[in-house]
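Text of the file final22.txt, holding compact mmCIF, C-alpha atoms:
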```
# COMPACT_ATOMS: atom_id res chain seq x y z
CA MET P 24 51.76 -34.23 27.98
CA ALA P 25 54.14 -36.71 26.34
CA LYS P 26 57.08 -35.33 24.39
CA GLU P 27 59.01 -36.83 21.52
CA SER P 28 62.20 -36.15 19.57
CA PHE P 29 63.29 -36.42 15.96
CA ILE P 30 66.96 -36.81 15.06
CA TYR P 31 68.39 -36.67 11.54
CA THR P 32 72.05 -36.96 10.57
CA THR P 33 73.52 -36.34 7.15
CA TYR P 34 77.04 -36.12 5.77
CA ILE P 35 77.94 -33.25 3.45
CA VAL P 36 81.13 -32.71 1.45
CA THR P 37 81.75 -29.12 2.57
CA THR P 38 83.07 -27.17 5.56
CA PRO P 39 81.42 -26.47 8.93
CA GLU P 40 81.48 -22.76 8.10
CA LYS P 41 79.48 -23.26 4.90
CA VAL P 42 76.88 -25.41 6.68
CA PHE P 43 76.49 -22.85 9.46
CA GLU P 44 76.18 -19.99 6.98
CA ALA P 45 73.60 -21.91 4.95
CA ILE P 46 71.43 -22.27 8.05
CA THR P 47 71.82 -18.71 9.36
CA LYS P 48 72.11 -16.50 6.26
CA PRO P 49 68.69 -15.65 4.78
CA ASP P 50 69.91 -15.42 1.16
CA LEU P 51 71.42 -18.92 1.37
CA ALA P 52 68.54 -20.57 3.27
CA ARG P 53 66.10 -19.19 0.69
CA ARG P 54 67.91 -21.10 -2.07
CA TYR P 55 67.56 -24.61 -0.59
CA TRP P 56 64.70 -24.19 1.93
CA GLY P 57 62.32 -21.78 0.25
CA HIS P 58 62.36 -19.80 3.49
CA GLU P 59 64.74 -17.33 5.10
CA ASN P 60 65.95 -17.73 8.67
CA VAL P 61 66.16 -14.16 9.95
CA SER P 62 67.89 -13.17 13.20
CA ASP P 63 71.01 -11.47 14.51
CA TRP P 64 71.89 -14.94 15.91
CA LYS P 65 72.71 -13.78 19.43
CA PRO P 66 71.51 -15.75 22.48
CA GLY P 67 68.11 -14.45 23.57
CA SER P 68 67.33 -12.87 20.18
CA SER P 69 64.24 -13.80 18.24
CA TRP P 70 64.35 -15.55 14.87
CA GLN P 71 61.76 -15.85 12.14
CA HIS P 72 61.29 -18.40 9.36
CA ILE P 73 59.93 -16.31 6.48
CA ARG P 74 58.59 -17.83 3.27
CA ALA P 75 60.63 -16.56 0.33
CA ASN P 76 57.71 -15.47 -1.85
CA ASP P 77 55.82 -12.27 -2.55
CA GLU P 78 53.72 -12.57 0.62
CA ARG P 79 56.83 -13.09 2.81
CA SER P 80 54.68 -14.74 5.49
CA VAL P 81 56.29 -15.51 8.84
CA GLU P 82 55.61 -19.20 9.34
CA LEU P 83 57.78 -20.11 12.33
CA VAL P 84 59.22 -18.13 15.21
CA GLY P 85 61.45 -18.71 18.18
CA LYS P 86 64.43 -17.58 20.19
CA VAL P 87 68.13 -18.21 19.82
CA VAL P 88 69.13 -20.32 22.83
CA GLU P 89 72.78 -21.02 22.05
CA VAL P 90 75.12 -20.14 19.22
CA SER P 91 78.71 -21.33 18.74
CA PRO P 92 79.66 -20.78 15.08
CA PRO P 93 80.34 -22.90 13.14
CA THR P 94 79.61 -25.97 15.26
CA ARG P 95 76.37 -25.49 17.20
CA LEU P 96 73.09 -23.61 17.06
CA VAL P 97 70.10 -24.14 19.36
CA ILE P 98 66.77 -22.40 18.74
CA THR P 99 63.22 -22.68 19.98
CA TRP P 100 60.57 -23.31 17.31
CA ALA P 101 56.82 -22.72 17.07
CA ASN P 102 54.19 -21.95 14.46
CA ALA P 103 53.82 -18.17 14.22
CA SER P 104 50.10 -18.59 14.94
CA GLN P 105 50.97 -20.16 18.31
CA ALA P 106 53.78 -17.78 19.29
CA SER P 107 51.95 -16.59 22.43
CA ASP P 108 51.57 -20.15 23.80
CA PRO P 109 54.74 -21.22 25.65
CA ALA P 110 53.61 -24.86 25.52
CA SER P 111 53.69 -24.83 21.71
CA TYR P 112 57.46 -24.36 21.50
CA SER P 113 59.88 -27.14 20.67
CA ARG P 114 63.67 -26.98 20.34
CA VAL P 115 66.03 -27.54 17.41
CA THR P 116 69.73 -28.23 17.83
CA PHE P 117 72.08 -28.12 14.85
CA GLU P 118 75.40 -29.85 15.53
CA VAL P 119 78.03 -29.40 12.84
CA GLU P 120 81.11 -31.61 13.13
CA GLU P 121 84.12 -32.03 10.88
CA TYR P 122 84.24 -35.64 9.77
CA GLU P 123 87.31 -36.51 7.68
CA ALA P 124 86.92 -34.48 4.44
CA MET P 125 83.27 -33.69 5.09
CA VAL P 126 80.81 -32.51 7.71
CA ARG P 127 78.41 -34.52 9.83
CA LEU P 128 75.29 -32.44 10.45
CA THR P 129 72.94 -33.71 13.14
CA VAL P 130 69.61 -31.96 13.64
CA THR P 131 67.78 -32.84 16.84
CA HIS P 132 64.24 -31.53 17.08
CA ASP P 133 62.97 -32.27 20.57
CA GLU P 134 60.43 -31.17 23.15
CA LEU P 135 57.73 -31.92 20.55
CA GLU P 136 54.23 -32.73 21.72
CA ALA P 137 53.88 -36.43 20.88
CA GLY P 138 51.54 -37.03 17.96
CA SER P 139 51.01 -33.31 17.27
CA GLY P 140 50.73 -31.80 13.82
CA MET P 141 54.14 -30.20 14.35
CA ALA P 142 55.75 -33.53 15.32
CA ASN P 143 54.23 -35.24 12.29
CA GLY P 144 55.16 -32.38 9.97
CA ILE P 145 58.81 -32.15 10.93
CA LYS P 146 59.29 -35.89 10.37
CA LYS P 147 58.51 -35.25 6.71
CA GLY P 148 60.04 -31.79 6.53
CA TRP P 149 63.52 -32.22 7.97
CA PRO P 150 64.63 -35.05 5.64
CA ILE P 151 63.75 -33.13 2.47
CA VAL P 152 65.15 -29.81 3.76
CA LEU P 153 68.43 -31.42 4.82
CA SER P 154 68.64 -33.35 1.54
CA SER P 155 68.19 -30.05 -0.28
CA LEU P 156 70.89 -28.43 1.89
CA LYS P 157 73.28 -31.29 1.07
CA SER P 158 72.56 -31.05 -2.65
CA PHE P 159 72.88 -27.27 -2.61
CA LEU P 160 76.23 -27.25 -0.81
CA GLU P 161 77.70 -30.11 -2.86
CA THR P 162 76.41 -29.21 -6.33
CA GLY P 163 75.04 -25.67 -6.18
CA GLN P 164 71.57 -27.04 -7.01
CA ALA P 165 68.87 -27.41 -4.37
CA ILE P 166 65.93 -29.80 -4.67
CA ASP P 167 62.27 -28.83 -4.55
CA VAL P 168 61.37 -28.92 -0.86
CA PHE P 169 57.72 -28.32 -1.74
CA ALA P 170 57.50 -31.42 -3.97
CA ARG P 171 54.72 -33.89 -3.22
CA PRO P 172 54.58 -37.65 -3.84
CA ARG P 173 53.13 -38.58 -7.19
CA ALA P 174 49.91 -40.53 -7.19
CA SER P 175 50.70 -44.16 -7.89
CA GLU P 176 49.56 -45.42 -11.23
CA ARG P 177 47.28 -48.41 -11.09
CA ALA P 178 47.69 -51.34 -13.41
CA ALA P 179 44.70 -51.75 -15.71
```
Can you present the structure in this file as structure tokens?
Amino acid sequence: MAKESFIYTTYIVTTPEKVFEAITKPDLARRYWGHENVSDWKPGSSWQHIRANDERSVELVGKVVEVSPPTRLVITWANASQASDPASYSRVTFEVEEYEAMVRLTVTHDELEAGSGMANGIKKGWPIVLSSLKSFLETGQAIDVFARPRASERAA
């Protein structure tokens, strides 16, 4: 089975500590992601990606592979519905690096099944989530990560 990777880098005017906290603290992640990342963030521990709504559905699950606050976090990642299938897991690496008076955040999502729904979904998901994170940390205002493209208007 062919695998693929997705890499996204953004620059945020903030500190590495604030980026790391925004990823790992449920109350912060909820504000820009619409989900909470819940774990004790120790290697080998499980984590859950819980929708921040009344249903509080667990949408993604995985394990913490590596954690080095505030510069690196590696987790496994799978749809909750596929949690029992080891082949369904991919890996996400967050690298947080001081870069002059800002932070360079690189998210590498790899070990994805090429052409899968997950691979296609994260290509759309990561850019908007990381844009929302950037906006949230720089201005205090997140963007709507659930927004959809508007239908194009046709000329009459």
### Task
Do a neighbour search on P:Glu89 at 12 Å with all atoms listed in the file, toss out local chain neighbours closer than 6 positions, and write the hits as a PyMOL selection string.
chain P and resi 64-69+95-99+114-118
### Nearby residues (all atoms listed in the file) at most 9 Å from P:Leu83, same-chain spacing under 2 positions excluded, as a count of residues only
12
### Task
Rank nothing, just name the residue among P:Thr94, P:Ser28, P:Asn76, P:Thr37 nearest to P:Phe159, using only C-alpha atoms.
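Of P:Thr94, P:Ser28, P:Asn76, P:Thr37, the one nearest P:Phe159 is P:Thr37, counting only C-alpha atoms.
Note that the spacing between atom CA of P:Ile166 and atom CA of P:Val88 amounts to 29.3 Å.
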#### Entry: Selected residue of minimal separation from P:Tyr31 among P:Asp108, P:Asp133, P:Glu59, P:Asp167, counting all atoms listed in the file
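For P:Tyr31, the nearest of the given residues is P:Asp133.
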### Task
Report the distance between atom CA of P:Leu160 and atom CA of P:Val87 in Å, rounded to one decimal place.
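Straight-line distance from atom CA of P:Leu160 to atom CA of P:Val87 works out to 23.9 Å.
Nearest to P:Lys147 of all the residues P:Leu135, P:Ile46, P:Arg171, P:Ser113 is P:Arg171, counting only C-alpha atoms.
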### Task
For the point (65.2, -30.4, -3.6) in the file's frame, write as a PyMOL selection string all residues with an atom no more than 7 Å away, counting all atoms listed in the file.
chain P and resi 55+151+154-155+165-168
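Atom CA of P:Thr47 lies 13.2 Å from atom CA of P:Lys86.
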Contacts of P:Pro49 within 10 Å, only C-alpha atoms, excl. fewer than 3 positions in-chain, as a PDB file with C-alpha atoms, in the coordinates of the input:
```pdb
ATOM      1  CA  GLU P  44      76.180 -19.990   6.980  1.00  0.00           C
ATOM      2  CA  ALA P  45      73.600 -21.910   4.950  1.00  0.00           C
ATOM      3  CA  ILE P  46      71.430 -22.270   8.050  1.00  0.00           C
ATOM      4  CA  ALA P  52      68.540 -20.570   3.270  1.00  0.00           C
ATOM      5  CA  ARG P  53      66.100 -19.190   0.690  1.00  0.00           C
ATOM      6  CA  ARG P  54      67.910 -21.100  -2.070  1.00  0.00           C
ATOM      7  CA  TRP P  56      64.700 -24.190   1.930  1.00  0.00           C
ATOM      8  CA  GLY P  57      62.320 -21.780   0.250  1.00  0.00           C
ATOM      9  CA  HIS P  58      62.360 -19.800   3.490  1.00  0.00           C
ATOM     10  CA  GLU P  59      64.740 -17.330   5.100  1.00  0.00           C
ATOM     11  CA  ASN P  60      65.950 -17.730   8.670  1.00  0.00           C
ATOM     12  CA  VAL P  61      66.160 -14.160   9.950  1.00  0.00           C
ATOM     13  CA  SER P  62      67.890 -13.170  13.200  1.00  0.00           C
ATOM     14  CA  HIS P  72      61.290 -18.400   9.360  1.00  0.00           C
ATOM     15  CA  ILE P  73      59.930 -16.310   6.480  1.00  0.00           C
ATOM     16  CA  ALA P  75      60.630 -16.560   0.330  1.00  0.00           C
TER      17      ALA P  75
END
```
### Task
Give the answer as one residue: which of P:Ser111, P:Thr129, P:Ser139, P:Gln164 has the shortest atom-to-atom distance to P:Tyr34, using all atoms listed in the file?
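Answer, going by the shortest atom-to-atom distance: P:Thr129.
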### Task
Anything within 8 Å of (84.0, -33.8, 1.4): list those residues as a VMD selection string, counting all atoms listed in the file and sticking to the file's coordinates.
chain P and resid 35 to 38 123 to 126
For the selection you just gave me, I'd like the residues written to a file as a compact mmCIF listing (two decimals), keeping the file's coordinate frame, keeping C-alpha atoms.
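This went into again.txt:
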```txt
# COMPACT_ATOMS: atom_id res chain seq x y z
CA ILE P 35 77.94 -33.25 3.45
CA VAL P 36 81.13 -32.71 1.45
CA THR P 37 81.75 -29.12 2.57
CA THR P 38 83.07 -27.17 5.56
CA GLU P 123 87.31 -36.51 7.68
CA ALA P 124 86.92 -34.48 4.44
CA MET P 125 83.27 -33.69 5.09
CA VAL P 126 80.81 -32.51 7.71
```
### Query
For P:Thr33, which of P:Val152, P:Ala174, P:Ile145, P:Leu128 is the closest residue, counting all atoms listed in the file?
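Distance minimum relative to P:Thr33 lands on P:Leu128.
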Let me have the centre and edge lengths of the axis-aligned box enclosing all listed atoms of stretch 121-136 of chain P with 4 Å padding on every side, in Å to one decimal, as lines of an AutoDock Vina configuration file.
```
center_x = 70.8
center_y = -33.8
center_z = 13.8
size_x = 41.1
size_y = 13.3
size_z = 26.7
```
### Nearby residues (only C-alpha atoms) at most 6 Å from P:Lys26, same-chain spacing under 5 positions excluded, as a PyMOL selection string
chain P and resi 134-137
### Query
Using all atoms listed in the file, which of the listed residues (P:Glu161, P:Leu156, P:Val130, P:Pro93) sits closest to P:Glu40?
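Looking at the shortest contact to P:Glu40, the residue is P:Pro93.
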